[in-house]
file input34.cif (mmCIF, C-alpha atoms; chains and numbers go by the auth columns)
data_model
loop_
_atom_site.group_PDB
_atom_site.id
_atom_site.type_symbol
_atom_site.label_atom_id
_atom_site.label_comp_id
_atom_site.label_asym_id
_atom_site.label_seq_id
_atom_site.Cartn_x
_atom_site.Cartn_y
_atom_site.Cartn_z
_atom_site.B_iso_or_equiv
_atom_site.auth_seq_id
_atom_site.auth_asym_id
ATOM 1 C CA GLY A 1 26.754 26.821 14.471 0.00 1 A
ATOM 2 C CA ASP A 2 23.494 26.088 16.250 0.00 2 A
ATOM 3 C CA ILE A 3 21.714 28.965 17.989 0.00 3 A
ATOM 4 C CA GLY A 4 21.845 28.619 21.767 0.00 4 A
ATOM 5 C CA PRO A 5 18.820 29.152 23.999 0.00 5 A
ATOM 6 C CA ASN A 6 19.885 32.661 24.954 0.00 6 A
ATOM 7 C CA GLU A 7 21.394 33.769 21.675 0.00 7 A
ATOM 8 C CA PRO A 8 19.453 35.974 19.231 0.00 8 A
ATOM 9 C CA GLU A 9 18.500 34.467 15.906 0.00 9 A
ATOM 10 C CA ASP A 10 20.457 35.507 12.831 0.00 10 A
ATOM 11 C CA GLU A 11 18.561 38.360 11.216 0.00 11 A
ATOM 12 C CA ASN A 12 19.073 36.763 7.802 0.00 12 A
ATOM 13 C CA VAL A 13 17.331 33.532 8.802 0.00 13 A
ATOM 14 C CA PRO A 14 13.699 33.756 7.686 0.00 14 A
ATOM 15 C CA SER A 15 11.116 32.899 10.299 0.00 15 A
ATOM 16 C CA SER A 16 8.226 30.522 9.643 0.00 16 A
ATOM 17 C CA PRO A 17 5.437 32.197 7.671 0.00 17 A
ATOM 18 C CA THR A 18 2.289 33.232 9.474 0.00 18 A
ATOM 19 C CA ASP A 19 -1.126 32.026 8.377 0.00 19 A
ATOM 20 C CA GLU A 20 -1.650 35.343 6.603 0.00 20 A
ATOM 21 C CA GLU A 21 1.689 35.029 4.791 0.00 21 A
ATOM 22 C CA ARG A 22 0.966 31.418 3.895 0.00 22 A
ATOM 23 C CA SER A 23 -2.411 32.334 2.381 0.00 23 A
ATOM 24 C CA GLY A 24 -2.427 31.520 -1.294 0.00 24 A
ATOM 25 C CA GLU A 25 0.911 29.668 -1.140 0.00 25 A
ATOM 26 C CA CYS A 26 1.137 27.482 -4.236 0.00 26 A
ATOM 27 C CA ILE A 27 2.930 24.248 -4.981 0.00 27 A
ATOM 28 C CA ALA A 28 3.564 24.376 -8.695 0.00 28 A
ATOM 29 C CA ASP A 29 6.037 25.346 -11.370 0.00 29 A
ATOM 30 C CA PRO A 30 6.919 28.979 -10.603 0.00 30 A
ATOM 31 C CA ASN A 31 6.761 29.715 -14.336 0.00 31 A
ATOM 32 C CA ALA A 32 3.260 28.308 -14.657 0.00 32 A
ATOM 33 C CA SER A 33 0.247 30.525 -15.108 0.00 33 A
ATOM 34 C CA ASP A 34 -2.100 31.211 -12.211 0.00 34 A
ATOM 35 C CA ALA A 35 -4.635 28.821 -13.685 0.00 35 A
ATOM 36 C CA ASP A 36 -2.091 25.981 -13.528 0.00 36 A
ATOM 37 C CA LYS A 37 -1.132 26.510 -9.892 0.00 37 A
ATOM 38 C CA THR A 38 -2.553 24.531 -7.008 0.00 38 A
ATOM 39 C CA CYS A 39 -2.513 26.347 -3.692 0.00 39 A
ATOM 40 C CA ILE A 40 -2.323 24.990 -0.178 0.00 40 A
ATOM 41 C CA ALA A 41 -4.831 27.416 1.305 0.00 41 A
ATOM 42 C CA ASP A 42 -6.568 30.663 0.548 0.00 42 A
ATOM 43 C CA THR A 43 -7.557 32.561 3.682 0.00 43 A
ATOM 44 C CA ALA A 44 -8.090 35.987 2.200 0.00 44 A
ATOM 45 C CA GLY A 45 -11.148 37.594 3.779 0.00 45 A
ATOM 46 C CA ASP A 46 -13.491 40.424 2.977 0.00 46 A
ATOM 47 C CA GLU A 47 -14.583 43.179 5.310 0.00 47 A
ATOM 48 C CA THR A 48 -17.025 40.836 7.057 0.00 48 A
ATOM 49 C CA GLY A 49 -14.190 38.482 7.953 0.00 49 A
ATOM 50 C CA GLU A 50 -15.527 35.687 5.767 0.00 50 A
ATOM 51 C CA SER A 51 -12.947 33.886 3.657 0.00 51 A
ATOM 52 C CA GLN A 52 -13.227 34.109 -0.099 0.00 52 A
ATOM 53 C CA LYS A 53 -11.693 31.621 -2.507 0.00 53 A
ATOM 54 C CA SER A 54 -9.990 32.838 -5.658 0.00 54 A
ATOM 55 C CA ASP A 55 -11.626 31.865 -8.934 0.00 55 A
ATOM 56 C CA LYS A 56 -8.261 30.697 -10.265 0.00 56 A
ATOM 57 C CA ILE A 57 -6.860 28.961 -7.165 0.00 57 A
ATOM 58 C CA GLU A 58 -7.979 25.625 -5.807 0.00 58 A
ATOM 59 C CA ALA A 59 -7.487 25.418 -2.054 0.00 59 A
ATOM 60 C CA HIS A 60 -5.932 22.341 -0.434 0.00 60 A
ATOM 61 C CA PRO A 61 -5.035 21.773 3.229 0.00 61 A
ATOM 62 C CA ARG A 62 -1.399 21.288 4.127 0.00 62 A
ATOM 63 C CA LEU A 63 -0.958 17.631 5.111 0.00 63 A
ATOM 64 C CA SER A 64 1.943 15.771 6.667 0.00 64 A
ATOM 65 C CA VAL A 65 2.651 12.210 7.752 0.00 65 A
ATOM 66 C CA THR A 66 5.203 11.277 10.388 0.00 66 A
ATOM 67 C CA MET A 67 6.781 7.858 9.930 0.00 67 A
ATOM 68 C CA PRO A 68 6.662 5.323 11.379 0.00 68 A
ATOM 69 C CA SER A 69 2.932 5.642 11.964 0.00 69 A
ATOM 70 C CA SER A 70 0.340 3.171 13.213 0.00 70 A
ATOM 71 C CA SER A 71 -2.077 4.405 10.544 0.00 71 A
ATOM 72 C CA VAL A 72 0.377 3.964 7.642 0.00 72 A
ATOM 73 C CA THR A 73 1.579 0.572 6.401 0.00 73 A
ATOM 74 C CA GLU A 74 4.159 0.021 3.661 0.00 74 A
ATOM 75 C CA ILE A 75 4.540 -3.078 1.517 0.00 75 A
ATOM 76 C CA SER A 76 8.086 -2.606 0.199 0.00 76 A
ATOM 77 C CA GLN A 77 10.261 -4.388 -2.340 0.00 77 A
ATOM 78 C CA ASN A 78 12.731 -5.493 0.344 0.00 78 A
ATOM 79 C CA PHE A 79 11.335 -8.418 2.290 0.00 79 A
ATOM 80 C CA TYR A 80 12.795 -9.657 5.568 0.00 80 A
ATOM 81 C CA TRP A 81 12.267 -13.183 6.825 0.00 81 A
ATOM 82 C CA PRO A 82 14.046 -14.970 9.696 0.00 82 A
ATOM 83 C CA LEU A 83 15.854 -18.274 9.189 0.00 83 A
ATOM 84 C CA TYR A 84 15.147 -21.478 11.074 0.00 84 A
ATOM 85 C CA SER A 85 11.619 -20.621 12.141 0.00 85 A
ATOM 86 C CA THR A 86 8.075 -21.648 11.357 0.00 86 A
ATOM 87 C CA PRO A 87 6.354 -19.409 8.791 0.00 87 A
ATOM 88 C CA LEU A 88 3.400 -19.055 11.150 0.00 88 A
ATOM 89 C CA GLU A 89 5.535 -17.394 13.821 0.00 89 A
ATOM 90 C CA PHE A 90 6.529 -14.632 11.467 0.00 90 A
ATOM 91 C CA PHE A 91 2.968 -13.987 10.298 0.00 91 A
ATOM 92 C CA PHE A 92 2.123 -13.348 13.969 0.00 92 A
ATOM 93 C CA GLN A 93 5.530 -12.075 15.036 0.00 93 A
ATOM 94 C CA SER A 94 4.129 -9.920 17.867 0.00 94 A
ATOM 95 C CA GLU A 95 2.701 -12.970 19.646 0.00 95 A
ATOM 96 C CA ARG A 96 4.466 -15.577 21.814 0.00 96 A
ATOM 97 C CA PHE A 97 3.689 -18.994 20.387 0.00 97 A
ATOM 98 C CA ASP A 98 5.201 -20.779 23.390 0.00 98 A
ATOM 99 C CA ASP A 99 2.142 -19.689 25.376 0.00 99 A
ATOM 100 C CA PHE A 100 -0.413 -21.053 22.872 0.00 100 A
ATOM 101 C CA THR A 101 -2.224 -24.357 23.031 0.00 101 A
ATOM 102 C CA PRO A 102 -2.095 -26.674 19.982 0.00 102 A
ATOM 103 C CA GLU A 103 -5.680 -25.685 19.209 0.00 103 A
ATOM 104 C CA GLU A 104 -4.825 -21.964 19.219 0.00 104 A
ATOM 105 C CA ILE A 105 -1.886 -22.602 16.909 0.00 105 A
ATOM 106 C CA ASP A 106 -4.084 -24.639 14.561 0.00 106 A
ATOM 107 C CA ASN A 107 -6.673 -21.838 14.473 0.00 107 A
ATOM 108 C CA ARG A 108 -4.044 -19.256 13.539 0.00 108 A
ATOM 109 C CA ALA A 109 -2.549 -21.528 10.907 0.00 109 A
ATOM 110 C CA ALA A 110 -5.995 -22.080 9.379 0.00 110 A
ATOM 111 C CA LYS A 111 -6.627 -18.329 9.288 0.00 111 A
ATOM 112 C CA VAL A 112 -3.371 -17.571 7.465 0.00 112 A
ATOM 113 C CA ALA A 113 -3.811 -20.546 5.138 0.00 113 A
ATOM 114 C CA SER A 114 -7.317 -19.411 4.208 0.00 114 A
ATOM 115 C CA GLU A 115 -6.059 -15.919 3.301 0.00 115 A
ATOM 116 C CA LEU A 116 -3.139 -17.310 1.281 0.00 116 A
ATOM 117 C CA HIS A 117 -5.395 -19.778 -0.522 0.00 117 A
ATOM 118 C CA SER A 118 -7.785 -16.965 -1.504 0.00 118 A
ATOM 119 C CA LEU A 119 -4.834 -15.315 -3.303 0.00 119 A
ATOM 120 C CA LEU A 120 -3.869 -18.544 -5.156 0.00 120 A
ATOM 121 C CA PHE A 121 -0.712 -18.943 -3.074 0.00 121 A
ATOM 122 C CA PHE A 122 -0.169 -22.647 -3.949 0.00 122 A
ATOM 123 C CA GLN A 123 -1.524 -24.852 -6.688 0.00 123 A
ATOM 124 C CA PRO A 124 -4.886 -25.950 -5.221 0.00 124 A
ATOM 125 C CA VAL A 125 -5.635 -29.551 -4.327 0.00 125 A
ATOM 126 C CA THR A 126 -8.252 -31.175 -6.582 0.00 126 A
ATOM 127 C CA VAL A 127 -10.940 -33.638 -5.523 0.00 127 A
ATOM 128 C CA ASP A 128 -9.211 -36.527 -7.315 0.00 128 A
ATOM 129 C CA GLU A 129 -7.173 -37.304 -10.406 0.00 129 A
ATOM 130 C CA ASP A 130 -10.253 -37.497 -12.616 0.00 130 A
ATOM 131 C CA ASN A 131 -11.941 -34.388 -11.216 0.00 131 A
ATOM 132 C CA ASP A 132 -10.413 -30.908 -11.569 0.00 132 A
ATOM 133 C CA GLU A 133 -12.772 -29.417 -8.989 0.00 133 A
ATOM 134 C CA VAL A 134 -10.791 -27.692 -6.219 0.00 134 A
ATOM 135 C CA ASP A 135 -10.976 -29.237 -2.769 0.00 135 A
ATOM 136 C CA GLU A 136 -11.028 -26.043 -0.679 0.00 136 A
ATOM 137 C CA ASN A 137 -10.604 -27.739 2.709 0.00 137 A
ATOM 138 C CA ALA A 138 -7.728 -29.940 1.540 0.00 138 A
ATOM 139 C CA SER A 139 -5.998 -26.945 -0.110 0.00 139 A
ATOM 140 C CA ILE A 140 -6.199 -24.860 3.072 0.00 140 A
ATOM 141 C CA ALA A 141 -5.118 -27.804 5.249 0.00 141 A
ATOM 142 C CA ARG A 142 -2.046 -28.332 3.067 0.00 142 A
ATOM 143 C CA ILE A 143 -0.951 -24.720 3.478 0.00 143 A
ATOM 144 C CA ALA A 144 -1.701 -24.741 7.230 0.00 144 A
ATOM 145 C CA ASP A 145 0.437 -27.827 7.715 0.00 145 A
ATOM 146 C CA GLU A 146 3.378 -26.206 5.932 0.00 146 A
ATOM 147 C CA LEU A 147 3.045 -23.033 8.000 0.00 147 A
ATOM 148 C CA LYS A 148 3.599 -24.992 11.222 0.00 148 A
ATOM 149 C CA GLN A 149 6.814 -26.696 10.100 0.00 149 A
ATOM 150 C CA GLU A 150 10.169 -25.146 10.947 0.00 150 A
ATOM 151 C CA LYS A 151 12.047 -24.222 7.787 0.00 151 A
ATOM 152 C CA GLU A 152 15.621 -23.134 7.175 0.00 152 A
ATOM 153 C CA ASP A 153 14.544 -20.426 4.711 0.00 153 A
ATOM 154 C CA TRP A 154 10.873 -20.835 3.814 0.00 154 A
ATOM 155 C CA PHE A 155 10.478 -17.304 2.487 0.00 155 A
ATOM 156 C CA GLY A 156 13.632 -17.479 0.380 0.00 156 A
ATOM 157 C CA ASP A 157 12.280 -20.499 -1.500 0.00 157 A
ATOM 158 C CA LEU A 158 9.112 -18.669 -2.563 0.00 158 A
ATOM 159 C CA SER A 159 8.596 -17.053 -5.952 0.00 159 A
ATOM 160 C CA GLY A 160 8.364 -13.279 -6.259 0.00 160 A
ATOM 161 C CA GLY A 161 4.585 -13.449 -6.522 0.00 161 A
ATOM 162 C CA GLN A 162 4.302 -15.683 -3.450 0.00 162 A
ATOM 163 C CA LYS A 163 6.475 -13.275 -1.429 0.00 163 A
ATOM 164 C CA SER A 164 4.193 -10.368 -2.387 0.00 164 A
ATOM 165 C CA LYS A 165 1.092 -12.343 -1.389 0.00 165 A
ATOM 166 C CA ALA A 166 2.644 -13.397 1.935 0.00 166 A
ATOM 167 C CA GLU A 167 3.484 -9.775 2.807 0.00 167 A
ATOM 168 C CA LEU A 168 0.009 -8.560 1.846 0.00 168 A
ATOM 169 C CA VAL A 169 -1.558 -11.205 4.069 0.00 169 A
ATOM 170 C CA ARG A 170 0.815 -10.515 6.961 0.00 170 A
ATOM 171 C CA LYS A 171 0.591 -6.719 6.927 0.00 171 A
ATOM 172 C CA VAL A 172 -2.936 -6.134 5.618 0.00 172 A
ATOM 173 C CA PHE A 173 -5.398 -9.012 5.406 0.00 173 A
ATOM 174 C CA LEU A 174 -4.643 -10.504 8.835 0.00 174 A
ATOM 175 C CA GLN A 175 -5.474 -7.182 10.492 0.00 175 A
ATOM 176 C CA ASP A 176 -8.905 -6.314 11.874 0.00 176 A
ATOM 177 C CA GLU A 177 -9.133 -3.455 9.381 0.00 177 A
ATOM 178 C CA CYS A 178 -7.075 -1.971 6.585 0.00 178 A
ATOM 179 C CA PRO A 179 -4.556 0.740 7.575 0.00 179 A
ATOM 180 C CA GLY A 180 -5.685 4.307 6.990 0.00 180 A
ATOM 181 C CA VAL A 181 -2.933 4.733 4.388 0.00 181 A
ATOM 182 C CA LEU A 182 -1.397 1.793 2.529 0.00 182 A
ATOM 183 C CA LEU A 183 1.810 2.297 0.521 0.00 183 A
ATOM 184 C CA VAL A 184 2.343 -0.480 -2.032 0.00 184 A
ATOM 185 C CA ASP A 185 5.818 -0.315 -3.583 0.00 185 A
ATOM 186 C CA GLU A 186 5.979 -2.485 -6.730 0.00 186 A
ATOM 187 C CA THR A 187 4.278 -5.340 -4.859 0.00 187 A
ATOM 188 C CA MET A 188 2.108 -6.198 -7.855 0.00 188 A
ATOM 189 C CA ALA A 189 4.978 -6.333 -10.347 0.00 189 A
ATOM 190 C CA PRO A 190 5.807 -10.064 -9.871 0.00 190 A
ATOM 191 C CA LEU A 191 2.137 -11.162 -9.920 0.00 191 A
ATOM 192 C CA ASP A 192 0.689 -12.960 -12.940 0.00 192 A
ATOM 193 C CA PRO A 193 -2.416 -11.331 -14.498 0.00 193 A
ATOM 194 C CA THR A 194 -4.867 -13.621 -12.673 0.00 194 A
ATOM 195 C CA SER A 195 -3.233 -13.094 -9.279 0.00 195 A
ATOM 196 C CA LYS A 196 -2.971 -9.352 -9.885 0.00 196 A
ATOM 197 C CA ALA A 197 -6.712 -9.119 -10.582 0.00 197 A
ATOM 198 C CA ILE A 198 -7.485 -11.117 -7.422 0.00 198 A
ATOM 199 C CA VAL A 199 -5.187 -8.970 -5.230 0.00 199 A
ATOM 200 C CA MET A 200 -6.643 -5.739 -6.628 0.00 200 A
ATOM 201 C CA ALA A 201 -10.204 -6.913 -6.000 0.00 201 A
ATOM 202 C CA ARG A 202 -9.317 -7.992 -2.453 0.00 202 A
ATOM 203 C CA LEU A 203 -7.635 -4.668 -1.661 0.00 203 A
ATOM 204 C CA LYS A 204 -10.504 -2.697 -3.168 0.00 204 A
ATOM 205 C CA SER A 205 -12.967 -4.563 -0.943 0.00 205 A
ATOM 206 C CA PHE A 206 -10.958 -4.769 2.290 0.00 206 A
ATOM 207 C CA CYS A 207 -9.497 -1.253 2.063 0.00 207 A
ATOM 208 C CA ALA A 208 -12.587 0.551 0.737 0.00 208 A
ATOM 209 C CA SER A 209 -12.252 3.306 3.372 0.00 209 A
ATOM 210 C CA SER A 210 -8.468 3.666 3.095 0.00 210 A
ATOM 211 C CA ILE A 211 -6.074 5.551 0.855 0.00 211 A
ATOM 212 C CA ILE A 212 -3.933 3.188 -1.235 0.00 212 A
ATOM 213 C CA ILE A 213 -0.871 4.601 -2.987 0.00 213 A
ATOM 214 C CA VAL A 214 0.689 2.168 -5.460 0.00 214 A
ATOM 215 C CA ILE A 215 4.006 2.503 -7.272 0.00 215 A
ATOM 216 C CA TYR A 216 3.026 0.796 -10.471 0.00 216 A
ATOM 217 C CA HIS A 217 4.537 0.776 -13.961 0.00 217 A
ATOM 218 C CA THR A 218 2.099 0.700 -16.835 0.00 218 A
ATOM 219 C CA ASP A 219 1.850 2.123 -20.343 0.00 219 A
ATOM 220 C CA ALA A 220 -0.370 5.090 -21.072 0.00 220 A
ATOM 221 C CA THR A 221 -2.990 4.747 -23.762 0.00 221 A
ATOM 222 C CA GLN A 222 -5.313 7.107 -25.599 0.00 222 A
ATOM 223 C CA GLU A 223 -9.044 7.461 -25.174 0.00 223 A
ATOM 224 C CA SER A 224 -11.336 9.091 -27.702 0.00 224 A
ATOM 225 C CA GLY A 225 -13.353 11.993 -26.364 0.00 225 A
ATOM 226 C CA GLY A 226 -16.878 13.001 -27.333 0.00 226 A
ATOM 227 C CA ASN A 227 -15.600 15.586 -29.792 0.00 227 A
ATOM 228 C CA GLY A 228 -13.262 13.141 -31.506 0.00 228 A
ATOM 229 C CA THR A 229 -10.101 14.267 -29.703 0.00 229 A
ATOM 230 C CA LEU A 230 -7.679 11.765 -28.172 0.00 230 A
ATOM 231 C CA THR A 231 -6.755 12.075 -24.493 0.00 231 A
ATOM 232 C CA GLU A 232 -3.768 10.291 -22.932 0.00 232 A
ATOM 233 C CA CYS A 233 -4.889 8.176 -19.996 0.00 233 A
ATOM 234 C CA VAL A 234 -3.794 5.250 -17.848 0.00 234 A
ATOM 235 C CA PRO A 235 -5.830 2.017 -17.611 0.00 235 A
ATOM 236 C CA SER A 236 -7.617 1.881 -14.256 0.00 236 A
ATOM 237 C CA SER A 237 -7.826 -1.937 -14.300 0.00 237 A
ATOM 238 C CA GLY A 238 -11.004 -1.496 -12.278 0.00 238 A
ATOM 239 C CA PHE A 239 -8.807 -0.540 -9.322 0.00 239 A
ATOM 240 C CA PHE A 240 -7.111 2.843 -9.715 0.00 240 A
ATOM 241 C CA ASP A 241 -9.126 6.032 -9.221 0.00 241 A
ATOM 242 C CA HIS A 242 -6.329 8.485 -10.052 0.00 242 A
ATOM 243 C CA ASN A 243 -2.888 8.416 -11.641 0.00 243 A
ATOM 244 C CA MET A 244 0.088 10.557 -10.647 0.00 244 A
ATOM 245 C CA HIS A 245 2.895 10.357 -13.188 0.00 245 A
ATOM 246 C CA LEU A 246 6.464 11.330 -12.265 0.00 246 A
ATOM 247 C CA GLU A 247 8.405 12.678 -15.214 0.00 247 A
ATOM 248 C CA GLN A 248 11.606 14.758 -15.188 0.00 248 A
ATOM 249 C CA GLY A 249 11.138 15.767 -11.565 0.00 249 A
ATOM 250 C CA GLN A 250 7.539 16.842 -12.037 0.00 250 A
ATOM 251 C CA LEU A 251 4.423 15.123 -10.669 0.00 251 A
ATOM 252 C CA LEU A 252 1.662 15.111 -13.284 0.00 252 A
ATOM 253 C CA VAL A 253 -1.945 14.043 -12.797 0.00 253 A
ATOM 254 C CA ARG A 254 -3.269 11.886 -15.619 0.00 254 A
ATOM 255 C CA PRO A 255 -6.839 10.648 -16.069 0.00 255 A
ATOM 256 C CA THR A 256 -7.644 6.944 -15.849 0.00 256 A
ATOM 257 C CA CYS A 257 -9.613 5.071 -18.470 0.00 257 A
#
call {"tool": "encode", "arguments": {"input": "input34.cif", "output": "structure tokens"}}
result
Amino acid sequence: GDIGPNEPEDENVPSSPTDEERSGECIADPNASDADKTCIADTAGDETGESQKSDKIEAHPRLSVTMPSSSVTEISQNFYWPLYSTPLEFFFQSERFDDFTPEEIDNRAAKVASELHSLLFFQPVTVDEDNDEVDENASIARIADELKQEKEDWFGDLSGGQKSKAELVRKVFLQDECPGVLLVDETMAPLDPTSKAIVMARLKSFCASSIIIVIYHTDATQESGGNGTLTECVPSSGFFDHNMHLEQGQLLVRPTC
């Protein structure tokens, strides 16, 4: 049972390690060599009290994230959208639209429409039948008008790619700044190659100071090294800086290329 406030702790229950005991604690395969282990911290000191880092151990701080968190935003695979509402209300779900003037509503609709248009949300409107040039203002106005109309299930009628773009706009691009940590769970999977490139470029620009963690399926390739050897790597697509590969319960770091 649980230990009461006045009851002694079970002697067999280990207490939390002290900083000294935690020094050099590693997170790695216990059968791996010292050179393959990555340690949380190394606080061993010499006689002067100054810490010294092992030649074989790379020190890393212990980090934790408590969810939900205002600094962490997740774009998941499971989208929620209310029925019988205007799309615009859900994009700004924390605001009361009954208190807005028509001009304020139009301004918000134009803002969302502009972001959606930049991600190729709808087929753009052209100048005329004989001219394929995109009419930016007409394209944005078309989206803004649709956002203000009450729909039975607007979100449910969208394609997978459109749903991903709508969630990215709602949770990321409509904010004043990108969240400190952005978790993107398979959001790019339903995007066509052109849309995927646009979304990646937009995230890379808007979230330049943030950490973006993407669950993303791609095939590894091989890159030729300077000495003629082949190294397995994952295409960066001009977006990814690092790749963590999960295989048989182990998290492996692979280079990008």
call {"tool": "resolve_selection", "arguments": {"input": "input34.cif", "expression": "the PyMOL selection byres ((chain A and resi 235) around 8)", "output": "PyMOL selection string"}}
result
chain A and resi 220-221+233-234+236-237+256-257
call {"tool": "residues_around", "arguments": {"input": "input34.cif", "residues": "Gln162 (chain A)", "least_positions_apart": "3", "cutoff": "10 Å", "atoms": "all atoms listed in the file", "output": "list in words"}}
result
Leu116, Leu119, Leu120, Phe121, Phe122, Phe155, Asp157, Leu158, Ser159, Lys165, Ala166, Glu167, Leu168, Pro190, Leu191 and Ser195 of chain A
call {"tool": "resolve_selection", "arguments": {"input": "input34.cif", "expression": "the PyMOL selection byres ((chain A and resi 113) around 12)", "output": "ChimeraX atom specification"}}
result
/A:87-88,91,106-112,114-122,124,136-148,165-166,169-170,173-174
call {"tool": "resolve_selection", "arguments": {"input": "input34.cif", "expression": "the PyMOL selection byres ((chain A and resi 77) around 8)", "output": "PyMOL selection string"}}
result
chain A and resi 75-76+78-79+185-187
call {"tool": "atom_distance", "arguments": {"input": "input34.cif", "atom1": "CA of Thr73 (chain A)", "atom2": "CA of Lys171 (chain A)"}}
result
7.4 Å
call {"tool": "atom_distance", "arguments": {"input": "input34.cif", "atom1": "CA of Asp192 (chain A)", "atom2": "CA of Glu177 (chain A)"}}
result
26.2 Å
call {"tool": "axis_aligned_box", "arguments": {"input": "input34.cif", "around": "region 118-126 of chain A", "padding_each_side": "6 Å", "output": "lines of an AutoDock Vina configuration file"}}
result
center_x = -4.2
center_y = -23.2
center_z = -4.1
size_x = 20.1
size_y = 27.9
size_z = 17.2
call {"tool": "residues_around", "arguments": {"input": "input34.cif", "residues": "Ala201 (chain A)", "least_positions_apart": "3", "cutoff": "12 Å", "atoms": "only C-alpha atoms", "output": "list in words"}}
result
Ser118, Leu119, Thr194, Ser195, Lys196, Ala197, Ile198, Lys204, Ser205, Phe206, Cys207, Ala208, Ser237, Gly238, Phe239 and Phe240 of chain A
call {"tool": "write_last_selection", "arguments": {"input": "input34.cif", "atoms": "C-alpha atoms", "output": "mmCIF file, in the frame of the given file"}}
result
data_model
loop_
_atom_site.group_PDB
_atom_site.id
_atom_site.type_symbol
_atom_site.label_atom_id
_atom_site.label_comp_id
_atom_site.auth_asym_id
_atom_site.auth_seq_id
_atom_site.Cartn_x
_atom_site.Cartn_y
_atom_site.Cartn_z
ATOM 1 C CA SER A 118 -7.785 -16.965 -1.504
ATOM 2 C CA LEU A 119 -4.834 -15.315 -3.303
ATOM 3 C CA THR A 194 -4.867 -13.621 -12.673
ATOM 4 C CA SER A 195 -3.233 -13.094 -9.279
ATOM 5 C CA LYS A 196 -2.971 -9.352 -9.885
ATOM 6 C CA ALA A 197 -6.712 -9.119 -10.582
ATOM 7 C CA ILE A 198 -7.485 -11.117 -7.422
ATOM 8 C CA LYS A 204 -10.504 -2.697 -3.168
ATOM 9 C CA SER A 205 -12.967 -4.563 -0.943
ATOM 10 C CA PHE A 206 -10.958 -4.769 2.290
ATOM 11 C CA CYS A 207 -9.497 -1.253 2.063
ATOM 12 C CA ALA A 208 -12.587 0.551 0.737
ATOM 13 C CA SER A 237 -7.826 -1.937 -14.300
ATOM 14 C CA GLY A 238 -11.004 -1.496 -12.278
ATOM 15 C CA PHE A 239 -8.807 -0.540 -9.322
ATOM 16 C CA PHE A 240 -7.111 2.843 -9.715
#
call {"tool": "residues_around", "arguments": {"input": "input34.cif", "residues": "Pro82 (chain A)", "least_positions_apart": "5", "cutoff": "10 Å", "atoms": "only C-alpha atoms", "output": "number ranges by chain"}}
result
A: 87, 89-90, 151-156
call {"tool": "closest_residue", "arguments": {"input": "input34.cif", "among": "A:Asp132, A:Gln123, A:His245, A:Cys178", "to": "Arg202 (chain A)", "atoms": "all atoms listed in the file"}}
result
A:Cys178
call {"tool": "atom_distance", "arguments": {"input": "input34.cif", "atom1": "CA of Ile215 (chain A)", "atom2": "CA of Val184 (chain A)"}}
result
6.3 Å
call {"tool": "closest_residue", "arguments": {"input": "input34.cif", "among": "A:Val72, A:Leu183, A:Met188, A:Leu252", "to": "Tyr216 (chain A)", "atoms": "only C-alpha atoms"}}
result
A:Met188
